[in-house]
Amino acid sequence: MSAPRTPKVAGISPTLPPPEQTAPVDQLAAVQDQLAGWISDLTSLHDLTERLARTTGVDDAMNELLAAGATLVGARRGLMALAPVDRHGPERTVGLGLGRADLGQIETVPRTATSYTRLLDGLAPVNAPRATRTSGTPAPGSAADGEAEDGPARGREGSPGGTGGNGAGGSGASGTRGRGDSGGGAPGARPGVAHPDIATDPALDPRHREVAGRLGFGASYAVPVTAHDGTHVGAALWLYDEPAEPNARQRHLLDLYVRCAGELLARHLEVARARADVAAVREELLPSRLPRVPGVRLAVRHRTGPLGGGDWYDALPLPEGALGLSVGGVTGRGAGAMAAMGRLRASLRAYAVMEGEDPVAVLSDLELLLRLTEPARSATALFAYAEPATRRVVVAGAGHCPPLITGPWRTEYAETTLSAPLGMLACWEAPSVELTLRQGETMLFYSDGLLHRTGESADRASARLRSAAVDAPFEAREDPDALVDHVLRTVLPDGRDRSDDPEDVVLLAARFA
């Protein structure tokens, strides 16, 4: 075929050179492979980070990080140590494919001899005098140099952990052998520490090699886990069955993933600490232990919602061998509700000591205090004045659930008088009810959160509570601790008593001898 000619311009007919040859087919195929590799890596990272985002707590996120990291670097086992740099906790270690005994053996290795503990302590990696490229950043001019600069993972290596990946027994295409990555990397990159052949590495502690041989792993790779501001959260370690180490592409993908995981873990830590602080304050506002009063045995179970609530319980000895029992709750949730609950409970104790034999007077004084000092709040309360020697109980309630009496002869709700919650009326007053219990009977005092957590109507939830008490085995009826556990398991099955439901749960049992 003759070369194309352009039309004559101004009588000039120049001779044109033939067009350049198109790029070879194999070069186009290489570009397509690179694009396919990038898409595969991005898809894998997207799927893994989606799973990470669905975690609901610190332990869940740690387990997900270990599993995803094992997929990315081609390992089978691993562990992660959570150790916030501020030392305020929580601190824990979880394993992937490692039991408690295995983790215990690893912890017998001197702290300065293992890669992940050195990362936790901010120490230089073992055998690290020679600076190497940062995790996931190959040296300039190497075969993988363009991979880190031009895309997430160039080359014909497929998806993370797949063909071309470095699984157990494989060898890394580009990585640090027996030393930590450091220096020269991209800003913010997390340095990893690789031990590609633990058994033959003379720089490692003999105990390290001994434990590796006993547990059957031949190589390891560790990375620090940090938040976006560089605050250390912990360190993760993956173990290979045979001498191996991740290549540059795998390190780069792991670094991208650990960035997301570290930030999420830091947020989970903040939430866990906030909840722990709420629980600590809440427990300090409630009795640290129940009193011992002749003729009656007490037991209590208390579950607080994640935001903290205003429900309380109390049991206090009164003059002449009597006992005061109370449960109640203020409206609202959070720190304000807890503070109001603490004030009301303290006031109720004072009123009970002065005039506990008249529960109506106790609640009337409490209502006046609430109306004068906290006019924007209302509260429910139930107070019982008990004489264990005679098993006589006088009960008054203010908008609270009636107590449940259960024993060998009967299981029924006490007929308390209906009344409005405290702070709802200009002048609160309701008559009290006097009850006489039989020997071996138990009174159950509870908060409305116990009924609300069932998700059923008040009538159906009350019937469920009564059925749980009726079906209690003989051993549980004799022991109030066993009885409250049985009732909670029956009324709130499948761990609903320990879920993150916003409703507080109080269950107080008093068994009369």
# chains A, B, ... in the order shown; residues from 1 in each chain; ligands from 1

$ select_by_dssp --residues "stretch 363-394 of chain A" --states "alpha helix (DSSP H)" --output "PyMOL selection string"
chain A and resi 363-373

$ write_last_selection --atoms "N, CA and C atoms" --output "compact mmCIF listing (two decimals), in the first residue's frame"
# COMPACT_ATOMS: atom_id res chain seq x y z
N LEU A 363 -41.47 9.31 100.70
CA LEU A 363 -41.65 9.70 99.30
C LEU A 363 -42.21 11.12 99.20
N SER A 364 -43.02 11.53 100.16
CA SER A 364 -43.53 12.91 100.13
C SER A 364 -42.41 13.92 100.27
N ASP A 365 -41.48 13.66 101.19
CA ASP A 365 -40.33 14.55 101.35
C ASP A 365 -39.46 14.55 100.09
N LEU A 366 -39.30 13.36 99.51
CA LEU A 366 -38.49 13.27 98.29
C LEU A 366 -39.14 14.05 97.15
N GLU A 367 -40.46 13.99 97.06
CA GLU A 367 -41.17 14.71 96.01
C GLU A 367 -41.03 16.21 96.19
N LEU A 368 -41.12 16.68 97.43
CA LEU A 368 -40.95 18.11 97.69
C LEU A 368 -39.56 18.58 97.30
N LEU A 369 -38.56 17.79 97.67
CA LEU A 369 -37.19 18.14 97.31
C LEU A 369 -37.02 18.20 95.79
N LEU A 370 -37.56 17.22 95.08
CA LEU A 370 -37.43 17.19 93.62
C LEU A 370 -38.13 18.40 93.00
N ARG A 371 -39.31 18.75 93.49
CA ARG A 371 -40.06 19.86 92.92
C ARG A 371 -39.36 21.19 93.15
N LEU A 372 -38.67 21.33 94.29
CA LEU A 372 -38.01 22.59 94.60
C LEU A 372 -36.65 22.72 93.94
N THR A 373 -35.92 21.63 93.85
CA THR A 373 -34.54 21.70 93.36
C THR A 373 -34.39 21.29 91.90

$ residues_around --residues "A:Asp314" --least-positions-apart "4" --cutoff "9 Å" --atoms "only C-alpha atoms" --output "JSON, numbers by chain"
{"A": [286, 287, 290, 324, 325, 326, 327, 345, 349, 508]}

$ select_by_dssp --residues "stretch 220-436 of chain A" --states "strand (DSSP E)" --output "PyMOL selection string"
chain A and resi 220-226+232-240+296-303+309-318+322-333+379-387+392-398+404-406+411-413+433-436

$ closest_residue --among "A:Val362, A:Ala266, A:Ala280, A:Leu239" --to "A:Leu382" --atoms "only C-alpha atoms"
A:Val362

$ residues_around --residues "A:Gly423" --least-positions-apart "3" --cutoff "9 Å" --atoms "only C-alpha atoms" --output "ChimeraX atom specification"
/A:367-368,370-371,374-379,420,426-428

$ write_last_selection --atoms "N, CA and C atoms" --output "PDB file, in the first residue's frame"
ATOM      1  N   GLU A 367     -40.465  13.985  97.061  1.00  0.00           N
ATOM      2  CA  GLU A 367     -41.174  14.707  96.015  1.00  0.00           C
ATOM      3  C   GLU A 367     -41.030  16.212  96.188  1.00  0.00           C
ATOM      4  N   LEU A 368     -41.116  16.682  97.430  1.00  0.00           N
ATOM      5  CA  LEU A 368     -40.954  18.112  97.686  1.00  0.00           C
ATOM      6  C   LEU A 368     -39.556  18.580  97.304  1.00  0.00           C
ATOM      7  N   LEU A 370     -37.561  17.215  95.079  1.00  0.00           N
ATOM      8  CA  LEU A 370     -37.432  17.191  93.623  1.00  0.00           C
ATOM      9  C   LEU A 370     -38.129  18.395  93.000  1.00  0.00           C
ATOM     10  N   ARG A 371     -39.308  18.746  93.488  1.00  0.00           N
ATOM     11  CA  ARG A 371     -40.062  19.857  92.917  1.00  0.00           C
ATOM     12  C   ARG A 371     -39.359  21.187  93.155  1.00  0.00           C
ATOM     13  N   GLU A 374     -35.273  20.443  91.394  1.00  0.00           N
ATOM     14  CA  GLU A 374     -35.178  19.973  90.012  1.00  0.00           C
ATOM     15  C   GLU A 374     -36.556  20.031  89.373  1.00  0.00           C
ATOM     16  N   PRO A 375     -37.108  21.218  89.187  1.00  0.00           N
ATOM     17  CA  PRO A 375     -38.487  21.316  88.702  1.00  0.00           C
ATOM     18  C   PRO A 375     -38.687  20.774  87.294  1.00  0.00           C
ATOM     19  N   ALA A 376     -37.624  20.644  86.528  1.00  0.00           N
ATOM     20  CA  ALA A 376     -37.767  20.153  85.156  1.00  0.00           C
ATOM     21  C   ALA A 376     -37.738  18.635  85.073  1.00  0.00           C
ATOM     22  N   ARG A 377     -37.512  17.963  86.177  1.00  0.00           N
ATOM     23  CA  ARG A 377     -37.402  16.504  86.161  1.00  0.00           C
ATOM     24  C   ARG A 377     -38.572  15.867  86.896  1.00  0.00           C
ATOM     25  N   SER A 378     -38.816  14.613  86.530  1.00  0.00           N
ATOM     26  CA  SER A 378     -39.737  13.772  87.284  1.00  0.00           C
ATOM     27  C   SER A 378     -39.033  12.461  87.568  1.00  0.00           C
ATOM     28  N   ALA A 379     -39.589  11.697  88.482  1.00  0.00           N
ATOM     29  CA  ALA A 379     -38.949  10.444  88.880  1.00  0.00           C
ATOM     30  C   ALA A 379     -40.006   9.465  89.362  1.00  0.00           C
ATOM     31  N   ALA A 420     -49.082   8.882  90.876  1.00  0.00           N
ATOM     32  CA  ALA A 420     -48.317   9.583  89.845  1.00  0.00           C
ATOM     33  C   ALA A 420     -46.836   9.598  90.203  1.00  0.00           C
ATOM     34  N   ALA A 426     -48.783  18.914  91.848  1.00  0.00           N
ATOM     35  CA  ALA A 426     -48.417  19.983  92.779  1.00  0.00           C
ATOM     36  C   ALA A 426     -48.251  19.457  94.195  1.00  0.00           C
ATOM     37  N   CYS A 427     -49.000  18.425  94.546  1.00  0.00           N
ATOM     38  CA  CYS A 427     -48.886  17.825  95.881  1.00  0.00           C
ATOM     39  C   CYS A 427     -49.069  16.331  95.744  1.00  0.00           C
ATOM     40  N   TRP A 428     -47.999  15.586  95.996  1.00  0.00           N
ATOM     41  CA  TRP A 428     -48.066  14.130  95.812  1.00  0.00           C
ATOM     42  C   TRP A 428     -48.460  13.465  97.118  1.00  0.00           C
TER      43      TRP A 428
END

$ closest_residue --among "A:Gly69, A:Gly262, A:Pro402, A:Pro319" --to "A:Thr226" --atoms "only C-alpha atoms"
A:Gly262

$ residues_around --residues "A:Ala272" --least-positions-apart "2" --cutoff "10 Å" --atoms "only C-alpha atoms" --output "count of residues only"
15

$ residues_around --residues "stretch 479-488 of chain A" --least-positions-apart "6" --cutoff "9 Å" --atoms "only C-alpha atoms" --output "PDB file with N, CA and C atoms, in the first residue's frame"
ATOM      1  N   ARG A 297     -31.995 -12.238 103.095  1.00  0.00           N
ATOM      2  CA  ARG A 297     -30.843 -12.338 102.196  1.00  0.00           C
ATOM      3  C   ARG A 297     -31.143 -11.511 100.954  1.00  0.00           C
ATOM      4  N   LEU A 298     -30.147 -10.758 100.524  1.00  0.00           N
ATOM      5  CA  LEU A 298     -30.328  -9.816  99.424  1.00  0.00           C
ATOM      6  C   LEU A 298     -29.446 -10.188  98.233  1.00  0.00           C
ATOM      7  N   ALA A 299     -29.915  -9.839  97.051  1.00  0.00           N
ATOM      8  CA  ALA A 299     -29.124  -9.986  95.819  1.00  0.00           C
ATOM      9  C   ALA A 299     -29.615  -8.952  94.828  1.00  0.00           C
ATOM     10  N   VAL A 300     -28.729  -8.478  93.979  1.00  0.00           N
ATOM     11  CA  VAL A 300     -29.098  -7.453  93.003  1.00  0.00           C
ATOM     12  C   VAL A 300     -28.321  -7.665  91.716  1.00  0.00           C
ATOM     13  N   ARG A 301     -28.954  -7.312  90.610  1.00  0.00           N
ATOM     14  CA  ARG A 301     -28.291  -7.257  89.314  1.00  0.00           C
ATOM     15  C   ARG A 301     -28.647  -5.927  88.675  1.00  0.00           C
ATOM     16  N   THR A 442     -39.823 -14.524  98.578  1.00  0.00           N
ATOM     17  CA  THR A 442     -38.891 -13.507  98.084  1.00  0.00           C
ATOM     18  C   THR A 442     -39.667 -12.374  97.435  1.00  0.00           C
ATOM     19  N   LEU A 444     -39.337  -9.346  94.766  1.00  0.00           N
ATOM     20  CA  LEU A 444     -38.518  -8.861  93.653  1.00  0.00           C
ATOM     21  C   LEU A 444     -38.901  -7.419  93.347  1.00  0.00           C
ATOM     22  N   LEU A 450     -36.422  -3.341  82.819  1.00  0.00           N
ATOM     23  CA  LEU A 450     -36.472  -4.795  82.665  1.00  0.00           C
ATOM     24  C   LEU A 450     -37.626  -5.185  81.760  1.00  0.00           C
ATOM     25  N   LEU A 465     -42.359 -11.889  83.250  1.00  0.00           N
ATOM     26  CA  LEU A 465     -41.614 -11.836  84.499  1.00  0.00           C
ATOM     27  C   LEU A 465     -42.204 -12.788  85.530  1.00  0.00           C
ATOM     28  N   ALA A 468     -41.356 -16.354  84.669  1.00  0.00           N
ATOM     29  CA  ALA A 468     -39.962 -16.676  84.977  1.00  0.00           C
ATOM     30  C   ALA A 468     -39.802 -17.019  86.455  1.00  0.00           C
ATOM     31  N   ALA A 469     -40.494 -16.283  87.329  1.00  0.00           N
ATOM     32  CA  ALA A 469     -40.414 -16.578  88.756  1.00  0.00           C
ATOM     33  C   ALA A 469     -41.100 -17.894  89.091  1.00  0.00           C
ATOM     34  N   ALA A 472     -38.919 -20.947  88.215  1.00  0.00           N
ATOM     35  CA  ALA A 472     -37.595 -21.030  88.837  1.00  0.00           C
ATOM     36  C   ALA A 472     -37.425 -22.374  89.537  1.00  0.00           C
ATOM     37  N   PRO A 473     -36.288 -23.045  89.353  1.00  0.00           N
ATOM     38  CA  PRO A 473     -36.071 -24.328  90.047  1.00  0.00           C
ATOM     39  C   PRO A 473     -35.967 -24.135  91.557  1.00  0.00           C
ATOM     40  N   ARG A 496     -29.763 -10.372  75.942  1.00  0.00           N
ATOM     41  CA  ARG A 496     -30.366  -9.044  75.869  1.00  0.00           C
ATOM     42  C   ARG A 496     -30.177  -8.255  77.164  1.00  0.00           C
ATOM     43  N   ASP A 497     -29.865  -8.952  78.255  1.00  0.00           N
ATOM     44  CA  ASP A 497     -29.611  -8.218  79.495  1.00  0.00           C
ATOM     45  C   ASP A 497     -28.276  -7.493  79.452  1.00  0.00           C
ATOM     46  N   LEU A 507     -32.712  -5.263  89.163  1.00  0.00           N
ATOM     47  CA  LEU A 507     -33.475  -6.374  89.726  1.00  0.00           C
ATOM     48  C   LEU A 507     -32.915  -6.663  91.120  1.00  0.00           C
ATOM     49  N   LEU A 508     -33.705  -6.348  92.147  1.00  0.00           N
ATOM     50  CA  LEU A 508     -33.304  -6.493  93.546  1.00  0.00           C
ATOM     51  C   LEU A 508     -34.192  -7.538  94.196  1.00  0.00           C
ATOM     52  N   ALA A 509     -33.589  -8.531  94.831  1.00  0.00           N
ATOM     53  CA  ALA A 509     -34.323  -9.621  95.483  1.00  0.00           C
ATOM     54  C   ALA A 509     -34.039  -9.608  96.976  1.00  0.00           C
ATOM     55  N   ALA A 510     -35.106  -9.788  97.762  1.00  0.00           N
ATOM     56  CA  ALA A 510     -34.995  -9.892  99.218  1.00  0.00           C
ATOM     57  C   ALA A 510     -35.742 -11.153  99.654  1.00  0.00           C
ATOM     58  N   ARG A 511     -34.990 -12.169 100.102  1.00  0.00           N
ATOM     59  CA  ARG A 511     -35.610 -13.440 100.540  1.00  0.00           C
ATOM     60  C   ARG A 511     -35.684 -13.450 102.065  1.00  0.00           C
TER      61      ARG A 511
END

$ closest_residue --among "A:Gly213, A:Pro421, A:Gly234, A:Gly336" --to "A:Leu307" --atoms "only C-alpha atoms"
A:Gly336

$ closest_residue --among "A:Ser288, A:Thr114, A:Gln32, A:Thr390" --to "A:Ala236" --atoms "only C-alpha atoms"
A:Thr114

$ atom_distance --atom1 "atom CA of A:His452" --atom2 "atom CA of A:Pro403"
16.1 Å
